[in-house]
Amino acid sequence: MRIGVVTFPGSLDDSSALRAIRLAGGTPVPLFHASDDLMEVEAVVLPGGFSYGDYLRCGAISRFAPIMSSIIIAAEHGFPVLGICNGFQILCESHLLPGALTRNQGLHFVCTDQPLTVENISTPWTSGYALGQRLVIPIKNGEGSFQASAETLIELESEGRVALRYADKNPNGSKNEIAGITNARGNVVGVMPHPEQAVESLTGPSTDGLAFFTSILQSLVGR
Amino acid sequence: MATIVVEVMLKPEILDPQGQAVAAALPRLGFTFAKAVRQGKCFEIEVDGTPSAEQLSDIERAAETLLSNPVIETYVVRVGA
Amino acid sequence: MATIVVEVMLKPEILDPQGQAVAAALPRLGFTFAKAVRQGKCFEIEVDGTPSAEQLSDIERAAETLLSNPVIETYVVRVGA
Amino acid sequence: MALDTVAIASEQPNTLQPWRELGLKEDEYSRIKEILGRRPTASELAMYSVMWSEHCSYKSSKVHLKQFGEKAPHSDALLVGIGENAGVVDIGQGYAVTFKIESHNHPSFVEPYQGAATGVGGIVRDILTMGARPIAVMDPLRFGLADAPDTRRVLPGIVAGVGGYGNCLGLPNIGGEVVFDETYAGNPLVNALCVGVMRHEDIKLATAHGTGNLVVLFGAKTGGDGIGGVSVLASETFASGKAAKRPSVQVGDPFAEKVLIECSLEIFAEDLVIGIQDLGGAGLSCATSELASAGSGGMSIQLDKVPLRDPSLSPEEILMSESQERMCAIIEPAKLSRFMKICKKWDVTATVIGEVTAGKHLEITFNGELIVDVPPRTVAHDGPVYNRPIAKPAYLDSLVPTELPTLDTPDAIKAELLSLIAAPNIADKSWVTDQYDRYVQGNSVLAQPEDSGMVRIDEQTHLGVAISTDANARWSYLDPYNGAKLALLESCRNIATTGAKPLAVTNCLNFGSPEDPGVMWQFAETVRGLADICLEMGLPVTGGNVSFYNQTGAVAILPTPVIGVLGVIQDVRARTKMGIPSAGLQLIQIGNTGDNFSGSEWAHLHGQMGDHAPTPDVGTEVRLIELLLEAQPLFESAHDLSDGGLAAALTEATLRNNIGATIGLPGEFIPGGVAAALFAETPGRVLIAVDPINLSALEVLAAKYEIPLHALGSTGGDALVINHASISLTELRAAYTETLPRLFG
Ligand SMILES: Nc1ncnc2c1ncn2[C@@H]1O[C@H](COP(=O)(O)OP(=O)(O)O)[C@@H](O)[C@H]1O
Ligand SMILES: [Mg+2]
């Protein structure tokens with residue numbers, strides 16, 4: 001099962017995302033921002049990092065990369081896309097997901113082992129979790145505060161499109177403790193926490209992130 | 001040569017922790033003038049000669065699509081010196 | 001109530017990677033108007049009524065000591081609407 | 001201003017030149033004239049002045065640093081030693097590791113964010129230059145008192161700068177230090193360490209040879225950053241009143257550096273460069289003269305080819321500019337097009353600015369006019385050497401022994417412990433370290449607050465490296481010779497506590513003014529101690545950095561030799577962590593406690609310094625390290641005892657996983673009683689938790705290495721109980737964690 005990971009200039013967690021796909025049993029495929037060729041992958045991960053230095057706004061410049069034009073078209077037809085951290089920011093800037101990620105309330109970059117709860121298991125990226133399951137996954141970002149208009153928040157909540165929520169403490173001032181959301185169709189998911197950094201107990205606080213990658217492989221098999 | 005200034009501010013309903021931090025710091029330094037502070041970005045764009053109508057409309061479009069994110073921000077374009 | 005705007009820009013000799021990133025992105029989107037772009041911060045400060053001379057001089061001092069770092073930045077204070 | 005050419009310099013020998021303003025001494029200026037047989041051109045003067053500055057020439061430290069060569073232990077692991085951008089050691093399986101610490105102290109006082117950010121950027125380029133992929137950073141920091149107003153300006157800026165740059169590069173920050181002392185007010189120390197890994201065959205050196213090979217400048221465009229920063233700023237005390245001495249600050253662009261790293265690694269992978277050098281202090285002056293000097297000598301440069309960010313720069317300014325994120329490579333003409341292609345892929349500007357020539361001179365032209373014509377060695381390597389006067393400082397004669405309370409009651413134990421662990425030097429540092437990405441790259445096996453940082457090198461074989469940095473400036477103040485030795489021993493112990501074997505050493509020597517004989521004595525003693533201990537421990541010094549002039553008026557900082565030790569672990573899965581993992585374990589202190597209050601944090605809390613540093617017991621430390629490495633499979637957790645003594649170690653070990661402990665301290669057997677047992681900072685001790693079934697095996701090993709074990713008690717419960725003093729973990733945590741957030745928001 002070929003899963004792509006896009007490297008933008010300034011992507012940082014691309015190698016970890018490739019590793020996570022491999023550990024989950026998939027075939028990781030590196031994709032480069034400057035080409036619009038999706039290399040026959042069946043799903044794609046937009047990894048964390050500081051694409052284009054996060055200058056202007058996080059994700060604002062990457063959204064215009066050639067690879068994104070292919071991804072946007074594919075996503076509108078149901079192609080599975082997971083955006084992690086900077087990838088989530090890119091998805092919002094691309095309008096594949098609503099809302100925006102803004103400066104953390106505490107004004108600092110925050111790297112911590114964050115408790116979360118899973119709130120939606122109907123997406124191909126979260127189907128391997130149990131509803132309400134508690135996870136501990138690292139967050140590490142300076143602009144992770146999810147903001148959206150009141151109507152958008154009502155829409156997300158009423159349609160059950162909040163995928164992950166911060167538990168115990170809100171680390172950054174996100175509206176409704178939102179840590180991750182999905183589009184209406186469920187194929188596009190964006191999360192601020194880094195599941196690819198919680199796939200081995202040796203290097204992460206848990207292995208709670210692995211199910212994002214096993215979920216997508218399962219979903220693709222079942223299709 | 002002219003300078004165009006694009007000011008981008010967070011919408012009033014969006015949390016502005018940077019502005020809040022400044023508002024909190026001012027009185028600690030003895031400055032009491034501010035009722036509220038919001039922090040935004042500004043871009044100084046240099047263009048050749050006086051900007052044409054077409055250029056100005058291009059700048060508007062750039063401000064709307066690239067320089068600001070309409071989900072959370074508003075912008076103003078000013079033609080400077 | 002008046003709004004004071006303080007614009008803080010990097011000095012021209014200081015590297016401005018953010019402005020450069022914007023300048024590089026504009027032509028990729030087909031916008032060719034910009035000869036150069038610099039990015040700075042702006043603060044919108046609300047004060048009660050028309051600002052007094054004393055308030056204005058306070059604002060100048062705040063701009064110099066808190067809102068900007070004179071080692072690398074310059075600022076302008078404008079009284080807005 | 002008219003261009004000052006070599007021809008004009010020959011014709012007009014009497015032109016007045018601002019050598020003094022550029023930081024040169026009269027005899028140094030005469031020597032330049034002697035070398036050239038004429039007065040220097042303005043550009044040559046600029047080059048010599050920066051390259052002969054303290055920062056670049058090591059003119060005050062050289063005579064001492066050569067001990068690292070003279071006393072060097074034989075080491076099969078050393079692949080590249082002192083003298084290159086960073087030393088390289090063999091860690092087996094075909095891997096080589098390079099690591100180094102550098103300081104960026106003064107710039108971080110002037111502009112904390114950018115100063116610290118560019119400090120990280122600079123050391124990362126040094127590591128990259130060796131041909132290595134940078135894999136982690138660390139940041140030993142020193143600040144003025146935690147509650148001083150200026151610390152509230154300096155610390156958040158520096159921390160944000162270290163994080164802002166390192167996080168954006170995707171380098172995990174796996175450790176560092178945060179220490180407060182009033183002598184660092186006005187002189188914060190920002191030391192940055194980077195470690196990188198490569199295959200043996202990929203090692204690159206800074207050398208230019210092969211007539212006709214091209215000199216290529218790639219990376220950011222050149223602006224006016226930090227002009228004069230190196231010579232003026234780093235050679236004289238920074239006096240806040242003299243605005244003219246302020247440097248123009250260097251501003252970093254971590255994104256540019258990130259793409260420069262990826263671009264360079266792709267270039268290395270295709271073996272496209274003959275030699276390579278980063279542009280750091282003294283910019284192009286340094287890079288061109290060092291490359292030429294290390295090669296055959298001849299090089300010609302067309303300075304007008306250098307891509308500029310600020311077109312108004314004069315040739316002297318271009319030569320001196322410290323614009324960040326630039327590299328200089330020597331490549332064969334046949335490989336140029338491939339080189340350029342890779343640069344284009346990463347959107348990195350690359351320009352041929354000259355070539356290697358058959359001659360022996362570095363010749364630089366500007367618009368066709370010859371403005372520099374020098375033997376490069378005289379610029380890069382044959383700078384002045386000073387044997388500065390040395391005198392044992394008077395303060396050492398007026399030191400007084402500590403006089404501290406005894407701890408007789410449970411209430412006294414509790415109160416003293418809680419105030420100690422809330423002291424800024426001991427308190428939890430996560431306010432700082434949570435601003436650093438410790439996970440990125442997915443290979444961080446250990447990071448702060450563990451005793452050392454540890455990174456996996458190979459996912460198949462599980463090979464890894466560990467790094468720890470340490471300095472105990474108070475001990476160095478009391479006794480710089482032993483202070484340096486103790487810092488190195490502590491670093492080694494930290495490495496061994498996590499399960500790795502010490503292999504090599506780097507250092508960053510932060511001191512006051514070398515023109516003060518007392519400071520110079522501290523420096524000389526430090527280097528002597530460090531060279532001696534490295535020889536005794538069989539560890540090579542692979543490189544380092546010296547930072548002088550860290551002083552305000554007549555007051556110098558505490559002598560602060562920051563020592564970094566690199567260790568190797570064959571299987572990272574076997575590493576030991578510092579937190580107690582479960583209840584029902586035995587807590588044991590390895591090593592004896594003595595009456596070592598001088599220089600301790602507890603004495604400091606009581607306003608005392610004391611009069612002597614502990615005497616290092618190298619034999620015992622070596623056996624301790626051997627014991628730690630052999631007994632490691634028997635440990636459930638292990639934590640080095642250092643600042644704050646056993647009290648701090650117990651706090652950290654219990655709070656890590658929120659598992660309490662009950663211990664009894666037989667104070668009557670320890671000189672200094674219960675107070676010493678808890679708060680003395682005797683070196684050579686480790687706190688471990690072991691499963692009772694492993695106890696006898698541990699005892700056998702300890703006996704073999706003749707290392708004493710002391711049973712302290714057992715783990716479990718939700719309190720730390722010490723001799724009837726019971727402190728709930730909640731109370732303990734509050735005291736330990738609230739200090740930094742309260743001070744810095
Ligand atoms: N304290 C020290 N211990 C050992 N080597 C040192 C020390 N200080 C400087 N060096 C070595 O001297 C050489 C020159 O240092 P430096 O000029 O700082 O290098 P760079 O210009 O690459 O930063 C380097 O090889 C460095 O490792
Ligand atoms: Mg170097």
# chains A, B, ... in the order shown; residues from 1 in each chain; ligands from 1
$ residues_around --residues "Val77 (chain B)" --least-positions-apart "4" --cutoff "12 Å" --atoms "only C-alpha atoms" --output "MDAnalysis selection string"
chainID B and resid 3:9 42:45 56:64 67:68
$ write_last_selection --atoms "N, CA, C and O atoms" --output "PDB file, in the first residue's frame"
ATOM      1  N   THR B   3       5.482  53.574  -2.150  1.00  0.00           N
ATOM      2  CA  THR B   3       5.379  52.484  -1.179  1.00  0.00           C
ATOM      3  C   THR B   3       3.908  52.237  -0.871  1.00  0.00           C
ATOM      4  O   THR B   3       3.174  53.161  -0.520  1.00  0.00           O
ATOM      5  N   ILE B   4       3.510  51.004  -1.035  1.00  0.00           N
ATOM      6  CA  ILE B   4       2.144  50.621  -0.674  1.00  0.00           C
ATOM      7  C   ILE B   4       2.234  49.909   0.669  1.00  0.00           C
ATOM      8  O   ILE B   4       3.094  49.049   0.850  1.00  0.00           O
ATOM      9  N   VAL B   5       1.370  50.279   1.583  1.00  0.00           N
ATOM     10  CA  VAL B   5       1.375  49.593   2.876  1.00  0.00           C
ATOM     11  C   VAL B   5       0.104  48.751   2.997  1.00  0.00           C
ATOM     12  O   VAL B   5      -0.994  49.254   2.775  1.00  0.00           O
ATOM     13  N   VAL B   6       0.270  47.490   3.288  1.00  0.00           N
ATOM     14  CA  VAL B   6      -0.891  46.640   3.561  1.00  0.00           C
ATOM     15  C   VAL B   6      -0.851  46.271   5.033  1.00  0.00           C
ATOM     16  O   VAL B   6       0.127  45.711   5.509  1.00  0.00           O
ATOM     17  N   GLU B   7      -1.896  46.685   5.735  1.00  0.00           N
ATOM     18  CA  GLU B   7      -1.987  46.342   7.148  1.00  0.00           C
ATOM     19  C   GLU B   7      -2.954  45.193   7.323  1.00  0.00           C
ATOM     20  O   GLU B   7      -4.094  45.257   6.859  1.00  0.00           O
ATOM     21  N   VAL B   8      -2.522  44.157   7.996  1.00  0.00           N
ATOM     22  CA  VAL B   8      -3.372  42.985   8.208  1.00  0.00           C
ATOM     23  C   VAL B   8      -3.600  42.834   9.703  1.00  0.00           C
ATOM     24  O   VAL B   8      -2.639  42.735  10.476  1.00  0.00           O
ATOM     25  N   MET B   9      -4.845  42.847  10.119  1.00  0.00           N
ATOM     26  CA  MET B   9      -5.161  42.699  11.541  1.00  0.00           C
ATOM     27  C   MET B   9      -6.062  41.494  11.746  1.00  0.00           C
ATOM     28  O   MET B   9      -6.861  41.146  10.875  1.00  0.00           O
ATOM     29  N   CYS B  42       2.321  44.334   9.084  1.00  0.00           N
ATOM     30  CA  CYS B  42       2.209  45.242   7.950  1.00  0.00           C
ATOM     31  C   CYS B  42       3.288  44.969   6.929  1.00  0.00           C
ATOM     32  O   CYS B  42       4.389  44.534   7.257  1.00  0.00           O
ATOM     33  N   PHE B  43       2.908  45.165   5.705  1.00  0.00           N
ATOM     34  CA  PHE B  43       3.796  44.904   4.575  1.00  0.00           C
ATOM     35  C   PHE B  43       4.058  46.213   3.865  1.00  0.00           C
ATOM     36  O   PHE B  43       3.118  46.934   3.535  1.00  0.00           O
ATOM     37  N   GLU B  44       5.314  46.541   3.660  1.00  0.00           N
ATOM     38  CA  GLU B  44       5.659  47.700   2.832  1.00  0.00           C
ATOM     39  C   GLU B  44       6.102  47.180   1.483  1.00  0.00           C
ATOM     40  O   GLU B  44       7.107  46.472   1.385  1.00  0.00           O
ATOM     41  N   ILE B  45       5.347  47.540   0.485  1.00  0.00           N
ATOM     42  CA  ILE B  45       5.612  47.015  -0.855  1.00  0.00           C
ATOM     43  C   ILE B  45       6.063  48.167  -1.740  1.00  0.00           C
ATOM     44  O   ILE B  45       5.361  49.178  -1.846  1.00  0.00           O
ATOM     45  N   LEU B  56      -3.123  48.549  -8.541  1.00  0.00           N
ATOM     46  CA  LEU B  56      -3.823  48.636  -7.261  1.00  0.00           C
ATOM     47  C   LEU B  56      -4.809  47.495  -7.093  1.00  0.00           C
ATOM     48  O   LEU B  56      -4.955  46.938  -6.008  1.00  0.00           O
ATOM     49  N   SER B  57      -5.438  47.119  -8.170  1.00  0.00           N
ATOM     50  CA  SER B  57      -6.408  46.031  -8.026  1.00  0.00           C
ATOM     51  C   SER B  57      -5.669  44.701  -7.845  1.00  0.00           C
ATOM     52  O   SER B  57      -6.129  43.819  -7.119  1.00  0.00           O
ATOM     53  N   ASP B  58      -4.494  44.591  -8.467  1.00  0.00           N
ATOM     54  CA  ASP B  58      -3.657  43.409  -8.221  1.00  0.00           C
ATOM     55  C   ASP B  58      -3.251  43.331  -6.745  1.00  0.00           C
ATOM     56  O   ASP B  58      -3.262  42.268  -6.120  1.00  0.00           O
ATOM     57  N   ILE B  59      -2.886  44.507  -6.215  1.00  0.00           N
ATOM     58  CA  ILE B  59      -2.450  44.538  -4.819  1.00  0.00           C
ATOM     59  C   ILE B  59      -3.598  44.130  -3.905  1.00  0.00           C
ATOM     60  O   ILE B  59      -3.419  43.364  -2.956  1.00  0.00           O
ATOM     61  N   GLU B  60      -4.787  44.628  -4.207  1.00  0.00           N
ATOM     62  CA  GLU B  60      -5.968  44.209  -3.433  1.00  0.00           C
ATOM     63  C   GLU B  60      -6.118  42.690  -3.454  1.00  0.00           C
ATOM     64  O   GLU B  60      -6.337  42.058  -2.424  1.00  0.00           O
ATOM     65  N   ARG B  61      -5.971  42.132  -4.657  1.00  0.00           N
ATOM     66  CA  ARG B  61      -6.154  40.675  -4.768  1.00  0.00           C
ATOM     67  C   ARG B  61      -5.068  39.931  -3.999  1.00  0.00           C
ATOM     68  O   ARG B  61      -5.330  38.915  -3.349  1.00  0.00           O
ATOM     69  N   ALA B  62      -3.835  40.448  -4.071  1.00  0.00           N
ATOM     70  CA  ALA B  62      -2.739  39.800  -3.337  1.00  0.00           C
ATOM     71  C   ALA B  62      -2.997  39.886  -1.839  1.00  0.00           C
ATOM     72  O   ALA B  62      -2.762  38.932  -1.090  1.00  0.00           O
ATOM     73  N   ALA B  63      -3.496  41.069  -1.408  1.00  0.00           N
ATOM     74  CA  ALA B  63      -3.772  41.235   0.014  1.00  0.00           C
ATOM     75  C   ALA B  63      -4.830  40.239   0.459  1.00  0.00           C
ATOM     76  O   ALA B  63      -4.761  39.677   1.559  1.00  0.00           O
ATOM     77  N   GLU B  64      -5.791  40.008  -0.416  1.00  0.00           N
ATOM     78  CA  GLU B  64      -6.900  39.146  -0.038  1.00  0.00           C
ATOM     79  C   GLU B  64      -6.546  37.660  -0.103  1.00  0.00           C
ATOM     80  O   GLU B  64      -7.027  36.863   0.700  1.00  0.00           O
ATOM     81  N   LEU B  67      -1.649  37.774   1.348  1.00  0.00           N
ATOM     82  CA  LEU B  67      -1.131  38.491   2.521  1.00  0.00           C
ATOM     83  C   LEU B  67      -2.021  38.343   3.743  1.00  0.00           C
ATOM     84  O   LEU B  67      -1.556  38.477   4.871  1.00  0.00           O
ATOM     85  N   SER B  68      -3.296  38.087   3.519  1.00  0.00           N
ATOM     86  CA  SER B  68      -4.165  37.884   4.679  1.00  0.00           C
ATOM     87  C   SER B  68      -4.928  36.585   4.496  1.00  0.00           C
ATOM     88  O   SER B  68      -5.035  36.065   3.399  1.00  0.00           O
TER      89      SER B  68
END
$ select_by_dssp --residues "region 574-675 of chain D" --states "helix (DSSP H, G or I)" --output "ChimeraX atom specification"
/D:574,601-605,618-634,645-657,667-669,673-675
$ interface_residues --of "chain B" --to "chain C" --cutoff "6 Å" --atoms "only C-alpha atoms" --output "ChimeraX atom specification"
/B:33-47
$ write_last_selection --atoms "N, CA and C atoms" --output "short mmCIF file (atom, residue, chain, number, x, y, z; two decimals), in the first residue's frame"
data_model
loop_
_atom_site.label_atom_id
_atom_site.label_comp_id
_atom_site.auth_asym_id
_atom_site.auth_seq_id
_atom_site.Cartn_x
_atom_site.Cartn_y
_atom_site.Cartn_z
N PHE B 33 -2.03 54.77 28.87
CA PHE B 33 -2.88 55.34 27.83
C PHE B 33 -3.78 54.34 27.11
N ALA B 34 -3.42 53.06 27.11
CA ALA B 34 -4.10 52.12 26.21
C ALA B 34 -5.36 51.51 26.83
N LYS B 35 -6.46 51.62 26.12
CA LYS B 35 -7.68 50.91 26.53
C LYS B 35 -7.65 49.48 25.99
N ALA B 36 -7.07 49.32 24.84
CA ALA B 36 -6.99 47.99 24.23
C ALA B 36 -5.89 48.03 23.18
N VAL B 37 -5.26 46.89 22.95
CA VAL B 37 -4.20 46.82 21.94
C VAL B 37 -4.44 45.59 21.08
N ARG B 38 -4.31 45.75 19.80
CA ARG B 38 -4.30 44.59 18.91
C ARG B 38 -3.03 44.64 18.09
N GLN B 39 -2.47 43.46 17.83
CA GLN B 39 -1.23 43.42 17.06
C GLN B 39 -1.48 42.76 15.73
N GLY B 40 -0.95 43.38 14.70
CA GLY B 40 -1.10 42.80 13.36
C GLY B 40 0.21 42.87 12.61
N LYS B 41 0.10 42.61 11.31
CA LYS B 41 1.30 42.64 10.47
C LYS B 41 1.20 43.81 9.53
N CYS B 42 2.32 44.33 9.08
CA CYS B 42 2.21 45.24 7.95
C CYS B 42 3.29 44.97 6.93
N PHE B 43 2.91 45.16 5.71
CA PHE B 43 3.80 44.90 4.58
C PHE B 43 4.06 46.21 3.87
N GLU B 44 5.31 46.54 3.66
CA GLU B 44 5.66 47.70 2.83
C GLU B 44 6.10 47.18 1.48
N ILE B 45 5.35 47.54 0.48
CA ILE B 45 5.61 47.01 -0.86
C ILE B 45 6.06 48.17 -1.74
N GLU B 46 7.23 48.02 -2.33
CA GLU B 46 7.69 49.09 -3.22
C GLU B 46 7.29 48.79 -4.65
N VAL B 47 6.70 49.80 -5.29
CA VAL B 47 6.36 49.64 -6.70
C VAL B 47 7.02 50.77 -7.49
#
$ closest_atom_pairs --of "chain D" --to "chain C" --cutoff "9 Å" --atoms "only C-alpha atoms" --output "JSON lines"
{"residue": "D:Val110", "atom": "CA", "partner": "C:Val71", "partner_atom": "CA", "distance": 8.0}
{"residue": "D:Glu111", "atom": "CA", "partner": "C:Val71", "partner_atom": "CA", "distance": 7.4}
{"residue": "D:Gly223", "atom": "CA", "partner": "C:Glu13", "partner_atom": "CA", "distance": 7.2}
{"residue": "D:Gly224", "atom": "CA", "partner": "C:Glu13", "partner_atom": "CA", "distance": 6.4}
{"residue": "D:Asp225", "atom": "CA", "partner": "C:Ile14", "partner_atom": "CA", "distance": 7.0}
{"residue": "D:Arg246", "atom": "CA", "partner": "C:Val71", "partner_atom": "CA", "distance": 8.8}
{"residue": "D:Ser248", "atom": "CA", "partner": "C:Val71", "partner_atom": "CA", "distance": 7.6}
{"residue": "D:Val249", "atom": "CA", "partner": "C:Ile72", "partner_atom": "CA", "distance": 7.1}
{"residue": "D:Gln250", "atom": "CA", "partner": "C:Ile14", "partner_atom": "CA", "distance": 7.7}
{"residue": "D:Val251", "atom": "CA", "partner": "C:Leu15", "partner_atom": "CA", "distance": 5.9}
{"residue": "D:Gly252", "atom": "CA", "partner": "C:Leu15", "partner_atom": "CA", "distance": 7.7}
{"residue": "D:Asp253", "atom": "CA", "partner": "C:Pro17", "partner_atom": "CA", "distance": 5.9}
{"residue": "D:Pro254", "atom": "CA", "partner": "C:Pro17", "partner_atom": "CA", "distance": 9.0}
{"residue": "D:Phe255", "atom": "CA", "partner": "C:Pro17", "partner_atom": "CA", "distance": 8.4}
{"residue": "D:Ala256", "atom": "CA", "partner": "C:Pro17", "partner_atom": "CA", "distance": 8.4}
{"residue": "D:Arg309", "atom": "CA", "partner": "C:Leu15", "partner_atom": "CA", "distance": 8.3}
{"residue": "D:Asp310", "atom": "CA", "partner": "C:Glu13", "partner_atom": "CA", "distance": 7.2}
{"residue": "D:Ser323", "atom": "CA", "partner": "C:Leu15", "partner_atom": "CA", "distance": 8.6}
$ write_last_selection --atoms "N, CA and C atoms" --output "mmCIF file, in the first residue's frame"
data_model
loop_
_atom_site.group_PDB
_atom_site.id
_atom_site.type_symbol
_atom_site.label_atom_id
_atom_site.label_comp_id
_atom_site.auth_asym_id
_atom_site.auth_seq_id
_atom_site.Cartn_x
_atom_site.Cartn_y
_atom_site.Cartn_z
ATOM 1 N N VAL D 110 23.004 41.909 23.531
ATOM 2 C CA VAL D 110 22.550 43.066 22.769
ATOM 3 C C VAL D 110 21.168 42.825 22.169
ATOM 4 N N GLU D 111 20.996 41.689 21.551
ATOM 5 C CA GLU D 111 19.703 41.359 20.926
ATOM 6 C C GLU D 111 19.453 39.882 21.229
ATOM 7 N N GLY D 223 24.866 40.835 3.226
ATOM 8 C CA GLY D 223 24.393 42.158 3.656
ATOM 9 C C GLY D 223 25.362 42.744 4.659
ATOM 10 N N GLY D 224 24.932 43.769 5.340
ATOM 11 C CA GLY D 224 25.838 44.454 6.262
ATOM 12 C C GLY D 224 25.849 43.892 7.669
ATOM 13 N N ASP D 225 25.417 42.655 7.832
ATOM 14 C CA ASP D 225 25.273 42.112 9.180
ATOM 15 C C ASP D 225 26.588 41.986 9.931
ATOM 16 N N ARG D 246 28.567 49.240 19.467
ATOM 17 C CA ARG D 246 27.534 48.221 19.252
ATOM 18 C C ARG D 246 27.657 47.681 17.849
ATOM 19 N N SER D 248 26.362 46.048 14.359
ATOM 20 C CA SER D 248 25.082 45.900 13.698
ATOM 21 C C SER D 248 24.757 44.412 13.838
ATOM 22 N N VAL D 249 23.581 44.164 14.364
ATOM 23 C CA VAL D 249 23.225 42.811 14.776
ATOM 24 C C VAL D 249 23.068 41.881 13.586
ATOM 25 N N GLN D 250 23.464 40.641 13.752
ATOM 26 C CA GLN D 250 23.213 39.652 12.709
ATOM 27 C C GLN D 250 21.819 39.074 12.909
ATOM 28 N N VAL D 251 21.120 38.951 11.813
ATOM 29 C CA VAL D 251 19.781 38.387 11.885
ATOM 30 C C VAL D 251 19.794 37.059 11.148
ATOM 31 N N GLY D 252 19.206 36.066 11.773
ATOM 32 C CA GLY D 252 19.233 34.745 11.169
ATOM 33 C C GLY D 252 17.986 34.444 10.365
ATOM 34 N N ASP D 253 18.126 33.551 9.419
ATOM 35 C CA ASP D 253 16.997 33.072 8.632
ATOM 36 C C ASP D 253 17.051 31.545 8.664
ATOM 37 N N PRO D 254 16.414 30.941 9.672
ATOM 38 C CA PRO D 254 16.543 29.491 9.840
ATOM 39 C C PRO D 254 16.021 28.712 8.636
ATOM 40 N N PHE D 255 15.045 29.281 7.957
ATOM 41 C CA PHE D 255 14.532 28.593 6.779
ATOM 42 C C PHE D 255 15.614 28.493 5.707
ATOM 43 N N ALA D 256 16.354 29.591 5.528
ATOM 44 C CA ALA D 256 17.446 29.569 4.551
ATOM 45 C C ALA D 256 18.479 28.519 4.960
ATOM 46 N N ARG D 309 22.933 41.711 -0.797
ATOM 47 C CA ARG D 309 21.581 42.099 -0.393
ATOM 48 C C ARG D 309 21.509 43.624 -0.338
ATOM 49 N N ASP D 310 22.652 44.215 0.002
ATOM 50 C CA ASP D 310 22.733 45.666 0.119
ATOM 51 C C ASP D 310 23.813 46.151 -0.842
ATOM 52 N N SER D 323 27.022 38.109 7.447
ATOM 53 C CA SER D 323 25.708 37.608 7.039
ATOM 54 C C SER D 323 25.675 36.102 7.241
#
$ closest_atom_pairs --of "chain A" --to "chain B" --cutoff "7 Å" --atoms "only C-alpha atoms" --output "Markdown table"
| residue | atom | partner | partner_atom | distance |
| --- | --- | --- | --- | --- |
| A:Ala60 | CA | B:Leu66 | CA | 6.9 |
| A:Gly99 | CA | B:Val71 | CA | 6.4 |
| A:Ala100 | CA | B:Val71 | CA | 6.9 |
| A:Gln105 | CA | B:Pro17 | CA | 5.3 |
| A:Leu107 | CA | B:Pro17 | CA | 6.8 |
| A:Gln147 | CA | B:Ile14 | CA | 6.9 |
$ closest_atom_pairs --of "chain A" --to "chain D" --cutoff "7 Å" --atoms "only C-alpha atoms" --output "JSON lines"
{"residue": "A:Pro9", "atom": "CA", "partner": "D:Val259", "partner_atom": "CA", "distance": 6.5}
{"residue": "A:Gly10", "atom": "CA", "partner": "D:Phe255", "partner_atom": "CA", "distance": 6.2}
{"residue": "A:Leu12", "atom": "CA", "partner": "D:Gly170", "partner_atom": "CA", "distance": 5.1}
{"residue": "A:Asp13", "atom": "CA", "partner": "D:Val440", "partner_atom": "CA", "distance": 6.2}
{"residue": "A:Ser15", "atom": "CA", "partner": "D:Gln441", "partner_atom": "CA", "distance": 6.6}
{"residue": "A:Ser16", "atom": "CA", "partner": "D:Gly442", "partner_atom": "CA", "distance": 5.7}
{"residue": "A:Phe50", "atom": "CA", "partner": "D:Cys168", "partner_atom": "CA", "distance": 5.8}
{"residue": "A:Tyr52", "atom": "CA", "partner": "D:Phe255", "partner_atom": "CA", "distance": 6.4}
{"residue": "A:Gly53", "atom": "CA", "partner": "D:Phe255", "partner_atom": "CA", "distance": 4.6}
{"residue": "A:His108", "atom": "CA", "partner": "D:Gln435", "partner_atom": "CA", "distance": 6.4}
{"residue": "A:Phe109", "atom": "CA", "partner": "D:Gln435", "partner_atom": "CA", "distance": 4.9}
{"residue": "A:Val110", "atom": "CA", "partner": "D:Gln435", "partner_atom": "CA", "distance": 5.1}
{"residue": "A:Cys111", "atom": "CA", "partner": "D:Asp434", "partner_atom": "CA", "distance": 4.8}
{"residue": "A:Thr112", "atom": "CA", "partner": "D:Asp434", "partner_atom": "CA", "distance": 6.2}
{"residue": "A:Lys140", "atom": "CA", "partner": "D:Asp437", "partner_atom": "CA", "distance": 6.2}
{"residue": "A:Gln197", "atom": "CA", "partner": "D:Gly442", "partner_atom": "CA", "distance": 6.0}
{"residue": "A:Leu202", "atom": "CA", "partner": "D:Val445", "partner_atom": "CA", "distance": 5.9}
{"residue": "A:Thr203", "atom": "CA", "partner": "D:Val445", "partner_atom": "CA", "distance": 4.9}
